[in-house]
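Dumped target.cif below, it's mmCIF, C-alpha atoms and all ligand atoms:
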```cif
data_protein
loop_
_atom_site.label_atom_id
_atom_site.label_comp_id
_atom_site.auth_asym_id
_atom_site.auth_seq_id
_atom_site.Cartn_x
_atom_site.Cartn_y
_atom_site.Cartn_z
CA MET A 1 0.00 0.00 0.00
CA LEU A 2 1.34 3.42 -0.90
CA SER A 3 1.98 6.10 1.71
CA PHE A 4 0.43 9.56 1.47
CA TRP A 5 3.87 10.90 0.46
CA GLU A 6 4.40 8.30 -2.24
CA SER A 7 0.95 8.92 -3.71
CA LYS A 8 1.29 12.69 -3.70
CA SER A 9 4.85 12.68 -5.07
CA TRP A 10 4.82 9.99 -7.77
CA ILE A 11 1.27 8.88 -8.50
CA GLU A 12 -1.33 11.64 -8.26
CA ASN A 13 0.29 14.87 -9.35
CA ASN A 14 2.05 14.65 -12.67
CA ASP A 15 1.92 17.33 -15.32
CA TYR A 16 3.89 15.27 -17.84
CA THR A 17 4.41 11.52 -17.80
CA ILE A 18 6.84 9.96 -20.24
CA VAL A 19 6.62 6.21 -20.81
CA GLY A 20 10.01 4.83 -21.89
CA GLY A 21 13.29 5.66 -20.13
CA GLY A 22 15.66 5.45 -23.10
CA LEU A 23 17.68 8.25 -24.65
CA VAL A 24 14.62 9.93 -26.20
CA GLY A 25 12.42 9.76 -23.11
CA ILE A 26 15.04 11.08 -20.71
CA GLN A 27 16.20 13.86 -23.06
CA CYS A 28 12.55 14.86 -23.45
CA ALA A 29 12.08 14.94 -19.65
CA ILE A 30 15.22 17.06 -19.25
CA HIS A 31 14.05 19.53 -21.86
CA LEU A 32 10.57 19.82 -20.31
CA LYS A 33 12.15 20.53 -16.91
CA LEU A 34 14.58 23.07 -18.38
CA LYS A 35 11.69 24.93 -20.01
CA MET A 36 9.21 24.54 -17.14
CA PRO A 37 11.19 24.00 -13.91
CA SER A 38 8.13 23.99 -11.65
CA SER A 39 6.29 21.29 -13.59
CA GLU A 40 6.08 17.70 -12.32
CA VAL A 41 7.76 15.44 -14.87
CA LEU A 42 7.73 11.66 -14.41
CA VAL A 43 9.56 9.03 -16.47
CA ILE A 44 8.29 5.44 -16.27
CA GLU A 45 10.57 2.61 -17.38
CA ARG A 46 9.69 -1.08 -17.33
CA GLY A 47 13.27 -2.24 -16.71
CA VAL A 48 15.58 -1.96 -13.71
CA LEU A 49 17.74 -0.25 -16.35
CA PRO A 50 16.51 1.17 -19.67
CA SER A 51 15.54 -2.00 -21.55
CA GLY A 52 15.26 -1.34 -25.25
CA ALA A 53 18.19 -0.01 -27.26
CA SER A 54 19.75 2.92 -25.39
CA THR A 55 21.92 0.82 -23.05
CA LYS A 56 22.36 -2.03 -25.53
CA ASN A 57 23.86 -0.24 -28.52
CA ALA A 58 27.37 -0.33 -29.93
CA GLY A 59 28.28 3.27 -29.14
CA PHE A 60 28.97 4.44 -32.69
CA ALA A 61 28.64 8.21 -32.95
CA CYS A 62 27.92 7.95 -36.64
CA PHE A 63 25.86 9.67 -39.29
CA GLY A 64 26.39 7.64 -42.43
CA SER A 65 28.75 5.52 -44.46
CA ILE A 66 28.60 6.05 -48.22
CA GLY A 67 27.37 2.48 -48.89
CA GLU A 68 24.40 2.90 -46.56
CA LEU A 69 23.68 6.46 -47.67
CA GLU A 70 23.74 5.33 -51.30
CA SER A 71 21.08 2.68 -50.80
CA ASP A 72 18.87 5.33 -49.13
CA ARG A 73 19.62 7.94 -51.82
CA ARG A 74 18.46 5.52 -54.51
CA SER A 75 15.15 4.89 -52.78
CA MET A 76 14.48 8.28 -51.17
CA GLY A 77 16.26 10.86 -53.36
CA GLU A 78 19.03 13.43 -52.91
CA ASP A 79 17.10 16.03 -50.89
CA TYR A 80 16.06 13.40 -48.37
CA ILE A 81 19.65 12.19 -47.99
CA GLN A 82 20.99 15.70 -47.46
CA SER A 83 18.48 16.44 -44.73
CA LEU A 84 19.12 13.03 -43.13
CA ILE A 85 22.87 13.67 -42.95
CA MET A 86 22.38 17.18 -41.57
CA GLU A 87 19.90 16.03 -38.97
CA ARG A 88 22.18 13.22 -37.76
CA TYR A 89 25.24 15.46 -37.71
CA GLU A 90 23.43 18.21 -35.81
CA GLY A 91 21.96 15.59 -33.47
CA LEU A 92 25.43 14.37 -32.58
CA GLN A 93 26.59 17.92 -31.88
CA TYR A 94 23.56 18.41 -29.64
CA LEU A 95 24.26 15.17 -27.75
CA LYS A 96 27.88 16.22 -27.14
CA GLU A 97 26.89 19.76 -26.11
CA SER A 98 24.11 18.65 -23.78
CA LEU A 99 26.10 15.95 -21.95
CA GLY A 100 29.74 16.92 -22.58
CA GLU A 101 32.24 15.05 -24.78
CA GLN A 102 34.30 13.94 -21.78
CA GLU A 103 31.31 12.65 -19.87
CA ILE A 104 30.35 10.30 -22.71
CA ASP A 105 33.99 9.38 -23.56
CA PHE A 106 33.61 10.70 -27.11
CA GLU A 107 36.58 9.82 -29.30
CA LYS A 108 36.78 11.16 -32.84
CA THR A 109 38.18 7.97 -34.31
CA GLY A 110 36.47 8.33 -37.68
CA GLY A 111 34.09 5.71 -38.99
CA VAL A 112 35.44 3.33 -41.62
CA GLU A 113 33.40 1.43 -44.19
CA LEU A 114 35.13 -1.77 -45.31
CA PHE A 115 34.71 -3.65 -48.57
CA THR A 116 35.66 -7.24 -49.29
CA SER A 117 37.45 -8.34 -52.43
CA LYS A 118 34.09 -9.66 -53.72
CA GLU A 119 32.43 -6.23 -53.50
CA GLN A 120 34.31 -4.45 -56.26
CA ALA A 121 31.25 -3.03 -58.11
CA HIS A 122 29.85 -1.67 -54.85
CA LEU A 123 33.25 -0.21 -53.94
CA THR A 124 33.63 1.45 -57.36
CA ASN A 125 30.24 3.13 -56.97
CA CYS A 126 30.99 4.28 -53.40
CA LYS A 127 34.38 5.67 -54.44
CA MET A 128 32.74 7.55 -57.31
CA MET A 129 30.29 9.13 -54.84
CA ILE A 130 32.99 10.48 -52.47
CA PRO A 131 33.02 13.95 -54.15
CA PHE A 132 29.20 14.09 -54.03
CA TYR A 133 29.08 13.40 -50.27
CA ASN A 134 32.01 15.72 -49.59
CA ASN A 135 30.07 18.44 -51.40
CA VAL A 136 27.00 17.78 -49.28
CA MET A 137 29.13 18.13 -46.12
CA LYS A 138 30.85 21.25 -47.43
CA ASN A 139 27.67 23.01 -48.59
CA ALA A 140 25.47 22.06 -45.66
CA LEU A 141 27.94 22.10 -42.76
CA ASN A 142 31.12 23.75 -44.06
CA ILE A 143 33.14 20.58 -43.43
CA ASN A 144 35.97 19.81 -45.86
CA ASP A 145 37.01 16.33 -47.00
CA CYS A 146 34.65 14.45 -44.72
CA PHE A 147 35.08 11.21 -46.71
CA SER A 148 38.41 9.83 -47.93
CA LEU A 149 40.01 6.53 -48.90
CA ASP A 150 41.69 4.77 -45.99
CA LYS A 151 44.11 1.92 -45.43
CA ILE A 152 43.38 -1.30 -43.52
CA ASP A 153 45.98 -2.45 -40.99
CA PHE A 154 44.22 -5.39 -39.32
CA GLY A 155 42.13 -8.42 -40.16
CA SER A 156 42.18 -10.90 -43.02
CA ASN A 157 43.18 -10.26 -46.61
CA LEU A 158 39.51 -10.68 -47.60
CA LEU A 159 39.15 -7.02 -46.61
CA SER A 160 40.31 -5.09 -49.65
CA SER A 161 39.40 -1.39 -49.35
CA ALA A 162 38.18 1.24 -46.93
CA ILE A 163 36.43 4.62 -47.05
CA LYS A 164 36.60 6.74 -43.94
CA ASN A 165 34.08 9.25 -42.61
CA ASN A 166 36.52 11.48 -40.74
CA GLU A 167 33.82 13.17 -38.62
CA GLU A 168 32.49 10.05 -36.89
CA GLY A 169 33.59 8.55 -33.59
CA ALA A 170 32.82 6.34 -30.63
CA ILE A 171 31.20 6.91 -27.26
CA ASN A 172 30.79 4.91 -24.06
CA THR A 173 27.10 4.06 -24.08
CA GLY A 174 26.94 3.30 -20.36
CA ARG A 175 28.51 6.63 -19.49
CA MET A 176 26.10 8.44 -21.83
CA MET A 177 23.06 6.98 -20.09
CA ILE A 178 24.44 7.48 -16.57
CA THR A 179 25.23 11.12 -17.35
CA LEU A 180 21.77 11.58 -18.80
CA ILE A 181 19.98 10.04 -15.81
CA LYS A 182 22.13 12.07 -13.40
CA LYS A 183 21.25 15.28 -15.23
CA ALA A 184 17.55 14.41 -15.17
CA TYR A 185 17.59 13.70 -11.41
CA THR A 186 19.49 16.96 -10.78
CA LEU A 187 16.78 18.91 -12.57
CA GLY A 188 14.07 17.20 -10.50
CA VAL A 189 12.73 14.65 -12.99
CA LYS A 190 11.04 11.78 -11.12
CA PHE A 191 11.53 8.15 -12.13
CA LEU A 192 9.58 4.94 -11.64
CA TRP A 193 11.85 2.04 -12.63
CA SER A 194 10.70 -1.58 -13.07
CA THR A 195 7.22 -0.33 -13.84
CA PHE A 196 5.46 -1.74 -16.88
CA ILE A 197 2.67 0.27 -18.46
CA LYS A 198 -0.22 -1.96 -19.50
CA SER A 199 -2.80 0.55 -20.73
CA TYR A 200 -4.17 4.05 -20.27
CA THR A 201 -7.60 5.67 -20.22
CA LYS A 202 -8.81 9.24 -20.41
CA GLY A 203 -9.77 10.73 -17.05
CA ASP A 204 -11.41 14.10 -16.34
CA LYS A 205 -10.44 17.30 -18.17
CA GLN A 206 -8.31 15.60 -20.86
CA SER A 207 -6.04 13.99 -18.26
CA PHE A 208 -5.02 10.32 -18.19
CA ILE A 209 -5.05 7.38 -15.81
CA ILE A 210 -2.24 4.94 -16.55
CA GLU A 211 -2.53 1.31 -15.48
CA ALA A 212 0.87 -0.03 -14.49
CA SER A 213 2.40 -3.13 -12.93
CA ASN A 214 2.32 -3.46 -9.11
CA ASP A 215 -1.34 -2.29 -9.20
CA LEU A 216 -0.31 1.31 -9.75
CA CYS A 217 -2.81 3.78 -11.25
CA ILE A 218 -0.81 6.85 -12.20
CA HIS A 219 -2.47 10.20 -12.97
CA THR A 220 -1.10 12.69 -15.46
CA ASP A 221 -2.21 15.73 -17.45
CA HIS A 222 -0.03 14.92 -20.47
CA LEU A 223 1.05 11.49 -21.63
CA LEU A 224 4.07 10.97 -23.88
CA PHE A 225 5.21 7.65 -25.34
CA THR A 226 8.91 7.21 -26.07
CA THR A 227 8.66 3.43 -26.18
CA ASN A 228 10.30 3.13 -29.62
CA ALA A 229 10.12 -0.46 -30.95
CA PHE A 230 7.57 -1.46 -28.27
CA THR A 231 4.99 1.22 -29.14
CA LYS A 232 2.52 -0.95 -31.07
CA SER A 233 1.38 -2.79 -27.95
CA LEU A 234 0.22 0.57 -26.53
CA ILE A 235 -0.82 2.46 -29.68
CA THR A 236 -2.05 0.11 -32.36
CA ASN A 237 -2.32 2.28 -35.47
CA ILE A 238 1.29 3.42 -35.60
CA GLU A 239 3.77 2.52 -38.34
CA VAL A 240 6.61 1.13 -36.20
CA GLU A 241 8.23 -2.25 -36.75
CA PRO A 242 10.65 -3.80 -34.23
CA PHE A 243 13.93 -5.36 -35.24
CA ARG A 244 16.50 -6.99 -33.04
CA ASN A 245 20.28 -6.63 -33.16
CA GLN A 246 22.71 -8.91 -31.35
CA VAL A 247 26.17 -8.01 -30.12
CA ILE A 248 29.24 -9.88 -28.85
CA VAL A 249 32.32 -8.61 -27.00
CA THR A 250 35.56 -10.61 -26.78
CA ARG A 251 37.88 -11.08 -23.86
CA PRO A 252 40.82 -8.60 -23.81
CA ILE A 253 43.25 -9.27 -26.67
CA SER A 254 46.90 -8.40 -26.20
CA ASN A 255 48.41 -6.15 -28.89
CA LEU A 256 45.07 -5.50 -30.55
CA SER A 257 45.74 -3.26 -33.56
CA LEU A 258 42.07 -2.53 -34.29
CA ASN A 259 41.25 1.00 -33.20
CA GLY A 260 38.09 2.82 -34.26
CA THR A 261 34.60 2.13 -35.55
CA TYR A 262 33.93 0.02 -38.65
CA HIS A 263 30.92 -0.87 -40.79
CA MET A 264 30.40 -3.49 -43.48
CA LYS A 265 27.50 -4.72 -45.61
CA ASN A 266 25.75 -1.32 -45.77
CA GLY A 267 25.78 -0.99 -41.98
CA TYR A 268 24.28 -4.43 -41.28
CA VAL A 269 27.56 -5.48 -39.62
CA TYR A 270 29.53 -3.19 -37.33
CA PHE A 271 32.52 -3.54 -35.05
CA ARG A 272 34.87 -1.45 -32.95
CA ASN A 273 37.45 -1.79 -30.25
CA VAL A 274 36.43 -1.18 -26.64
CA GLY A 275 39.84 -0.80 -25.04
CA ASN A 276 41.62 -3.99 -26.04
CA ARG A 277 38.46 -5.97 -26.77
CA ILE A 278 36.47 -6.27 -30.00
CA LEU A 279 32.76 -5.48 -30.02
CA LEU A 280 30.92 -6.92 -33.04
CA GLY A 281 27.22 -6.66 -33.80
CA GLY A 282 24.54 -7.01 -36.46
CA GLY A 283 24.17 -9.69 -39.09
CA ARG A 284 20.41 -9.12 -39.25
CA HIS A 285 20.49 -9.16 -43.08
CA LYS A 286 21.07 -12.92 -42.80
CA PHE A 287 18.18 -13.55 -40.39
CA MET A 288 15.56 -10.92 -41.28
CA LYS A 289 12.47 -12.94 -40.34
CA ASP A 290 13.72 -14.21 -36.99
CA GLU A 291 15.06 -10.81 -35.96
CA ALA A 292 11.74 -8.99 -36.54
CA THR A 293 10.89 -9.37 -32.87
CA THR A 294 10.67 -7.49 -29.56
CA GLU A 295 12.13 -10.46 -27.62
CA ILE A 296 15.33 -9.30 -25.90
CA GLU A 297 17.19 -12.57 -26.20
CA THR A 298 20.22 -13.82 -28.06
CA SER A 299 19.87 -16.65 -30.56
CA GLU A 300 22.43 -19.36 -31.15
CA GLN A 301 22.33 -18.93 -34.93
CA VAL A 302 23.14 -15.21 -34.87
CA ILE A 303 25.83 -15.53 -32.19
CA LEU A 304 27.47 -18.35 -34.17
CA TRP A 305 27.29 -16.26 -37.34
CA LEU A 306 28.92 -13.28 -35.55
CA LYS A 307 31.69 -15.51 -34.15
CA SER A 308 32.42 -16.91 -37.59
CA PHE A 309 32.42 -13.39 -39.12
CA LEU A 310 34.87 -12.28 -36.43
CA LYS A 311 37.26 -15.07 -37.31
CA GLN A 312 36.87 -14.78 -41.07
CA TYR A 313 37.36 -11.02 -41.39
CA ILE A 314 38.56 -9.35 -38.21
CA HIS A 315 40.63 -11.54 -35.89
CA GLN A 316 41.93 -14.91 -37.07
CA GLU A 317 43.20 -16.22 -33.74
CA GLU A 318 40.88 -18.02 -31.32
CA VAL A 319 39.37 -15.62 -28.81
CA GLU A 320 36.72 -16.20 -26.19
CA ILE A 321 33.50 -14.23 -26.22
CA GLU A 322 32.86 -12.73 -22.80
CA TYR A 323 29.60 -10.84 -23.39
CA ALA A 324 26.64 -11.41 -25.70
CA TRP A 325 23.34 -9.51 -25.67
CA SER A 326 20.59 -8.11 -27.84
CA GLY A 327 18.57 -4.92 -28.06
CA ILE A 328 15.56 -3.81 -30.10
CA LEU A 329 15.45 -0.96 -32.60
CA ALA A 330 12.55 0.40 -34.62
CA GLY A 331 12.02 0.79 -38.34
CA GLY A 332 9.28 1.51 -40.79
CA ASN A 333 8.57 2.80 -44.27
CA ASP A 334 11.16 5.53 -44.03
CA LYS A 335 14.07 6.32 -41.74
CA SER A 336 12.53 9.39 -40.12
CA PRO A 337 11.33 9.25 -36.53
CA ILE A 338 7.67 9.87 -35.70
CA ILE A 339 7.25 12.92 -33.46
CA LYS A 340 3.59 13.82 -33.22
CA LYS A 341 0.49 14.61 -31.25
CA ILE A 342 -1.95 11.73 -31.59
CA ASP A 343 -4.77 13.06 -29.44
CA GLU A 344 -5.46 15.86 -26.95
CA ASN A 345 -2.46 15.87 -24.52
CA LEU A 346 -1.20 12.59 -25.99
CA TYR A 347 2.10 12.42 -27.90
CA VAL A 348 4.68 10.00 -29.34
CA GLY A 349 8.40 10.31 -30.13
CA VAL A 350 9.38 6.97 -31.61
CA ARG A 351 10.84 4.95 -34.53
CA LEU A 352 14.56 5.37 -33.95
CA GLY A 353 16.65 3.02 -36.00
CA GLY A 354 20.36 2.30 -36.22
CA MET A 355 21.55 5.88 -35.74
CA GLY A 356 19.56 6.72 -32.66
CA ILE A 357 22.62 7.96 -30.77
CA ALA A 358 22.86 10.69 -33.39
CA ILE A 359 19.23 11.75 -33.48
CA GLY A 360 17.85 10.54 -30.12
CA SER A 361 18.60 13.70 -28.17
CA LEU A 362 17.10 15.96 -30.84
CA VAL A 363 14.00 13.78 -31.05
CA GLY A 364 13.56 14.11 -27.27
CA LYS A 365 13.98 17.88 -27.47
CA ARG A 366 11.62 18.23 -30.43
CA LEU A 367 8.98 16.15 -28.69
CA ALA A 368 9.24 18.41 -25.63
CA ASP A 369 8.98 21.51 -27.85
CA LEU A 370 5.89 20.09 -29.56
CA VAL A 371 4.22 19.45 -26.19
CA ILE A 372 5.10 22.93 -24.90
CA SER A 373 3.89 24.66 -28.07
CA ASN A 374 0.47 23.03 -27.70
C1 LIG A 401 22.41 -3.72 -30.58
C2 LIG A 401 22.18 -2.28 -30.97
C3 LIG A 401 23.25 -1.54 -31.46
C4 LIG A 401 23.07 -0.19 -31.79
N1 LIG A 401 24.14 0.54 -32.13
C5 LIG A 401 23.98 1.87 -32.38
C6 LIG A 401 25.11 2.67 -32.64
O1 LIG A 401 26.25 2.20 -32.58
N2 LIG A 401 24.92 3.98 -32.94
C7 LIG A 401 23.66 4.52 -32.97
O2 LIG A 401 23.53 5.70 -33.29
N3 LIG A 401 22.57 3.80 -32.65
C8 LIG A 401 22.71 2.49 -32.35
N4 LIG A 401 21.63 1.74 -32.02
C9 LIG A 401 20.30 2.40 -32.01
C10 LIG A 401 20.05 3.27 -30.78
O3 LIG A 401 20.51 2.61 -29.63
C11 LIG A 401 18.54 3.54 -30.69
O4 LIG A 401 18.08 4.12 -31.90
C12 LIG A 401 18.19 4.47 -29.54
O5 LIG A 401 18.79 4.05 -28.35
C13 LIG A 401 16.67 4.52 -29.37
O6 LIG A 401 16.36 5.24 -28.21
P1 LIG A 401 14.86 5.30 -27.68
O7 LIG A 401 14.88 6.07 -26.44
O8 LIG A 401 13.96 5.76 -28.79
O9 LIG A 401 14.44 3.78 -27.47
P2 LIG A 401 14.81 2.74 -26.28
O10 LIG A 401 16.19 2.93 -25.81
O11 LIG A 401 14.43 1.42 -26.81
O12 LIG A 401 13.82 3.22 -25.14
C14 LIG A 401 12.48 2.81 -25.07
C15 LIG A 401 12.23 2.38 -23.64
O13 LIG A 401 10.83 2.15 -23.45
C16 LIG A 401 10.70 1.14 -22.47
N5 LIG A 401 9.36 0.58 -22.58
C17 LIG A 401 8.82 -0.02 -23.65
N6 LIG A 401 7.55 -0.40 -23.40
C18 LIG A 401 7.28 -0.02 -22.13
C19 LIG A 401 6.13 -0.13 -21.29
N7 LIG A 401 5.01 -0.71 -21.71
N8 LIG A 401 6.19 0.36 -20.02
C20 LIG A 401 7.34 0.96 -19.58
N9 LIG A 401 8.46 1.10 -20.35
C21 LIG A 401 8.43 0.61 -21.60
C22 LIG A 401 11.81 0.15 -22.85
O14 LIG A 401 12.14 -0.70 -21.78
C23 LIG A 401 12.93 1.08 -23.30
O15 LIG A 401 13.89 1.31 -22.26
C24 LIG A 401 21.76 0.41 -31.68
C25 LIG A 401 20.70 -0.35 -31.20
C26 LIG A 401 20.90 -1.68 -30.83
C27 LIG A 401 19.74 -2.47 -30.31
#
```

Starting from the file, lay out its structure as structure tokens.
Ligand SMILES: Cc1cc2nc3c(=O)[nH]c(=O)nc-3n(C[C@H](O)[C@H](O)[C@H](O)COP(=O)(O)OP(=O)(O)OC[C@H]3O[C@@H](n4cnc5c(N)ncnc54)[C@H](O)[C@@H]3O)c2cc1C
Amino acid sequence: MLSFWESKSWIENNDYTIVGGGLVGIQCAIHLKLKMPSSEVLVIERGVLPSGASTKNAGFACFGSIGELESDRRSMGEDYIQSLIMERYEGLQYLKESLGEQEIDFEKTGGVELFTSKEQAHLTNCKMMIPFYNNVMKNALNINDCFSLDKIDFGSNLLSSAIKNNEEGAINTGRMMITLIKKAYTLGVKFLWSTFIKSYTKGDKQSFIIEASNDLCIHTDHLLFTTNAFTKSLITNIEVEPFRNQVIVTRPISNLSLNGTYHMKNGYVYFRNVGNRILLGGGRHKFMKDEATTEIETSEQVILWLKSFLKQYIHQEEVEIEYAWSGILAGGNDKSPIIKKIDENLYVGVRLGGMGIAIGSLVGKRLADLVISN
């Protein structure tokens, strides 16, 4: 049974309740508190820790390799690609400014796209597009020579060529989320962890009653969903599809020469060093049907595939895998997030895909701005 204090502080008096304690939800809460310090802002998260993508990701501070951008340019057009790059780049700047580069261990390593000896046609096209993408960066952001050819000094001889995005880098995902949560608490954002939202109904005067686990009935004037890939179970008519990504991390490797962030297969496979370990993730292009799920579990087939990829391309010697996990991202018809009002005092900020570190903070801020402007 709740005490008077618990009821008054967490349950009955909330101006804004955000469901989903990932990067978007917490940045949104921070922005609401910055703009309206006296308002009561509550974040509700089903996990003991954020349990979707924000603490599960690979920590690439990236905004696009040419291979991946090219496949989007072909389907969505040049204007779309330019605005996508700008949005991701500006999003990364905003993340670094709002939390501090040191606090998130940002390292400007560059992001390298690798091509195998069997991908010569793809490589030729990507090389040909370097001037185009450098022009985009120059015209839109005044950045010179963002993309350049690079050399490969690790891995097997199946890796033949590399193109580097010199503006990308790596962060420490855990530090990013800890810094974010600390900032939110400092501003007076309230949290309910390990609390699963089952449903919501409209109460009096356009307010909401939220039914949660542990028999909680939480009251709020405004309800915001930042539940990303898990949104469909709460809001049915929304165009959000879940997809899982699995990740492995090796034991420490002495004299590891790999240093930086790397992508292959149009971003479907990615790896980096974390100190003297290798983190490798992805492979979803090989298991599309099975990975279209919200189940946060690893599967033997994907982990085996990742291990074999590690040995074939990145590190030939036997190395033990010390960590393996999965997280869930969101996709849909296009790569843009959905930030919108869906009813009176009811909002969503969802559908963040593989570059959510870049755009997540901006999505949270834009969602807060939308709520405030209404
Ligand atoms: C394995 C992996 C690797 C990735 N690597 C990168 C990368 O290197 N670079 C990059 O830019 N992006 C990467 N991403 C993507 C990035 O992490 C996401 O786009 C971003 O974190 C999405 O943030 P979010 O806040 O929208 O969603 P989430 O972090 O998923 O937050 C949504 C939250 O809502 C909660 N929730 C859902 N339903 C309920 C409910 N009913 N009640 C209460 N709470 C609920 C969930 O538990 C979750 O914590 C990766 C993602 C994964 C999974």

Within 6 Å of ligand LIG 401 (chain A) (only C-alpha atoms and all ligand atoms), residues as a JSON list (two decimals) with C-alpha atoms, keeping the file's coordinate frame:
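And here is the file that came out, result20.json:
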```
[["chain", "number", "residue", "atom", "x", "y", "z"],
["A", 19, "VAL", "CA", 6.62, 6.21, -20.81],
["A", 20, "GLY", "CA", 10.01, 4.83, -21.89],
["A", 21, "GLY", "CA", 13.29, 5.66, -20.13],
["A", 22, "GLY", "CA", 15.66, 5.45, -23.10],
["A", 23, "LEU", "CA", 17.68, 8.25, -24.65],
["A", 24, "VAL", "CA", 14.62, 9.93, -26.20],
["A", 25, "GLY", "CA", 12.42, 9.76, -23.11],
["A", 44, "ILE", "CA", 8.29, 5.44, -16.27],
["A", 45, "GLU", "CA", 10.57, 2.61, -17.38],
["A", 46, "ARG", "CA", 9.69, -1.08, -17.33],
["A", 47, "GLY", "CA", 13.27, -2.24, -16.71],
["A", 50, "PRO", "CA", 16.51, 1.17, -19.67],
["A", 51, "SER", "CA", 15.54, -2.00, -21.55],
["A", 52, "GLY", "CA", 15.26, -1.34, -25.25],
["A", 53, "ALA", "CA", 18.19, -0.01, -27.26],
["A", 54, "SER", "CA", 19.75, 2.92, -25.39],
["A", 56, "LYS", "CA", 22.36, -2.03, -25.53],
["A", 57, "ASN", "CA", 23.86, -0.24, -28.52],
["A", 58, "ALA", "CA", 27.37, -0.33, -29.93],
["A", 59, "GLY", "CA", 28.28, 3.27, -29.14],
["A", 60, "PHE", "CA", 28.97, 4.44, -32.69],
["A", 61, "ALA", "CA", 28.64, 8.21, -32.95],
["A", 62, "CYS", "CA", 27.92, 7.95, -36.64],
["A", 195, "THR", "CA", 7.22, -0.33, -13.84],
["A", 196, "PHE", "CA", 5.46, -1.74, -16.88],
["A", 197, "ILE", "CA", 2.67, 0.27, -18.46],
["A", 198, "LYS", "CA", -0.22, -1.96, -19.50],
["A", 226, "THR", "CA", 8.91, 7.21, -26.07],
["A", 227, "THR", "CA", 8.66, 3.43, -26.18],
["A", 228, "ASN", "CA", 10.30, 3.13, -29.62],
["A", 230, "PHE", "CA", 7.57, -1.46, -28.27],
["A", 245, "ASN", "CA", 20.28, -6.63, -33.16],
["A", 246, "GLN", "CA", 22.71, -8.91, -31.35],
["A", 247, "VAL", "CA", 26.17, -8.01, -30.12],
["A", 326, "SER", "CA", 20.59, -8.11, -27.84],
["A", 327, "GLY", "CA", 18.57, -4.92, -28.06],
["A", 328, "ILE", "CA", 15.56, -3.81, -30.10],
["A", 329, "LEU", "CA", 15.45, -0.96, -32.60],
["A", 350, "VAL", "CA", 9.38, 6.97, -31.61],
["A", 352, "LEU", "CA", 14.56, 5.37, -33.95],
["A", 353, "GLY", "CA", 16.65, 3.02, -36.00],
["A", 354, "GLY", "CA", 20.36, 2.30, -36.22],
["A", 355, "MET", "CA", 21.55, 5.88, -35.74],
["A", 356, "GLY", "CA", 19.56, 6.72, -32.66],
["A", 357, "ILE", "CA", 22.62, 7.96, -30.77],
["A", 358, "ALA", "CA", 22.86, 10.69, -33.39],
["A", 360, "GLY", "CA", 17.85, 10.54, -30.12]]
```

Please tell me which residues are no farther than 12 Å from (14.8, -6.4, -47.0) in the file, counting all atoms listed in the file, and write them as a PyMOL selection string. chain A and resi 71+243+268+284-289+291-292+331-333

Is it possible to get the residues within 12 Å of (-7.6, 7.9, -23.2) (coordinates as in the file, counting all atoms listed in the file) written as a list in words?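 Residues satisfying the cut-off, written out: Ser199, Tyr200, Thr201, Lys202, Gly203, Asp204, Lys205, Gln206, Ser207, Phe208, Ile209, Ile210, Glu211, His219, Thr220, Asp221, His222, Leu223, Leu234, Ile235, Ile342, Asp343, Glu344, Asn345, Leu346 and Tyr347 of chain A.
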
Write out as an MDAnalysis selection string which residues come within 9 Å of Asn259 in chain A when counting only C-alpha atoms, dropping same-chain ones fewer than 2 positions away. chainID A and resid 109 256:257 261 272:276

Return the padded bounding box of range 37-55 of chain A as lines of an AutoDock Vina configuration file: axis-aligned, built from all atoms listed in the file, 3 Å added on each side, with centre and edge lengths in Å to one decimal.
```
center_x = 14.0
center_y = 10.9
center_z = -19.5
size_x = 21.8
size_y = 32.2
size_z = 21.6
```

I'd like the interatomic distance between CA of Ile81 in chain A and CA of Asn125 in chain A, to a tenth of an Å.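 Separating CA of Ile81 in chain A from CA of Asn125 in chain A is a distance of 16.6 Å.
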
Residue neighbourhood Asn139 in chain A, 12 Å, all atoms listed in the file, exclusion window fewer than 6 positions, as a PyMOL selection string: chain A and resi 82-83+85-86+131-133+145-146

Quick one: of A:Lys183, A:Lys365, A:Lys127, A:Lys307, who's nearest to Ser65 in chain A, counting all atoms listed in the file?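 For Ser65 in chain A, the nearest of the candidates is A:Lys127.
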
Can you pull out the residues contacting range 101-107 of chain A? Cut-off 8 Å, using all atoms listed in the file, and skip same-chain residues under 3 positions away; I want them as a PDB file with C-alpha atoms, in the coordinates of the input.
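Output contents, as saved in around-v9.pdb:
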```pdb
ATOM      1  CA  LYS A  96      27.880  16.220 -27.140  1.00  0.00           C
ATOM      2  CA  GLU A  97      26.890  19.760 -26.110  1.00  0.00           C
ATOM      3  CA  GLY A 169      33.590   8.550 -33.590  1.00  0.00           C
ATOM      4  CA  ALA A 170      32.820   6.340 -30.630  1.00  0.00           C
ATOM      5  CA  ILE A 171      31.200   6.910 -27.260  1.00  0.00           C
ATOM      6  CA  ASN A 172      30.790   4.910 -24.060  1.00  0.00           C
ATOM      7  CA  THR A 173      27.100   4.060 -24.080  1.00  0.00           C
ATOM      8  CA  ARG A 175      28.510   6.630 -19.490  1.00  0.00           C
ATOM      9  CA  MET A 176      26.100   8.440 -21.830  1.00  0.00           C
ATOM     10  CA  THR A 179      25.230  11.120 -17.350  1.00  0.00           C
TER      11      THR A 179
END
```

Nearest to Gly267 in chain A by atom-to-atom distance, counting all atoms listed in the file, from A:Ile26, A:Leu114, A:Leu216, A:Val41: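 Closest to Gly267 in chain A, using all atoms listed in the file: A:Leu114.
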
Tell me which protein, DNA and RNA residues are within 12 Å of Ser39 in chain A, counting all atoms listed in the file, leaving out same-chain ones fewer than 5 positions away, and put them as a list in words. Asn13, Asn14, Asp15, Tyr16, Thr17, Ala29, Ile30, His31, Leu32, Lys33, Leu34, Leu187, Gly188, Val189, Lys190, Thr220, Asp221, His222 and Ile372 of chain A
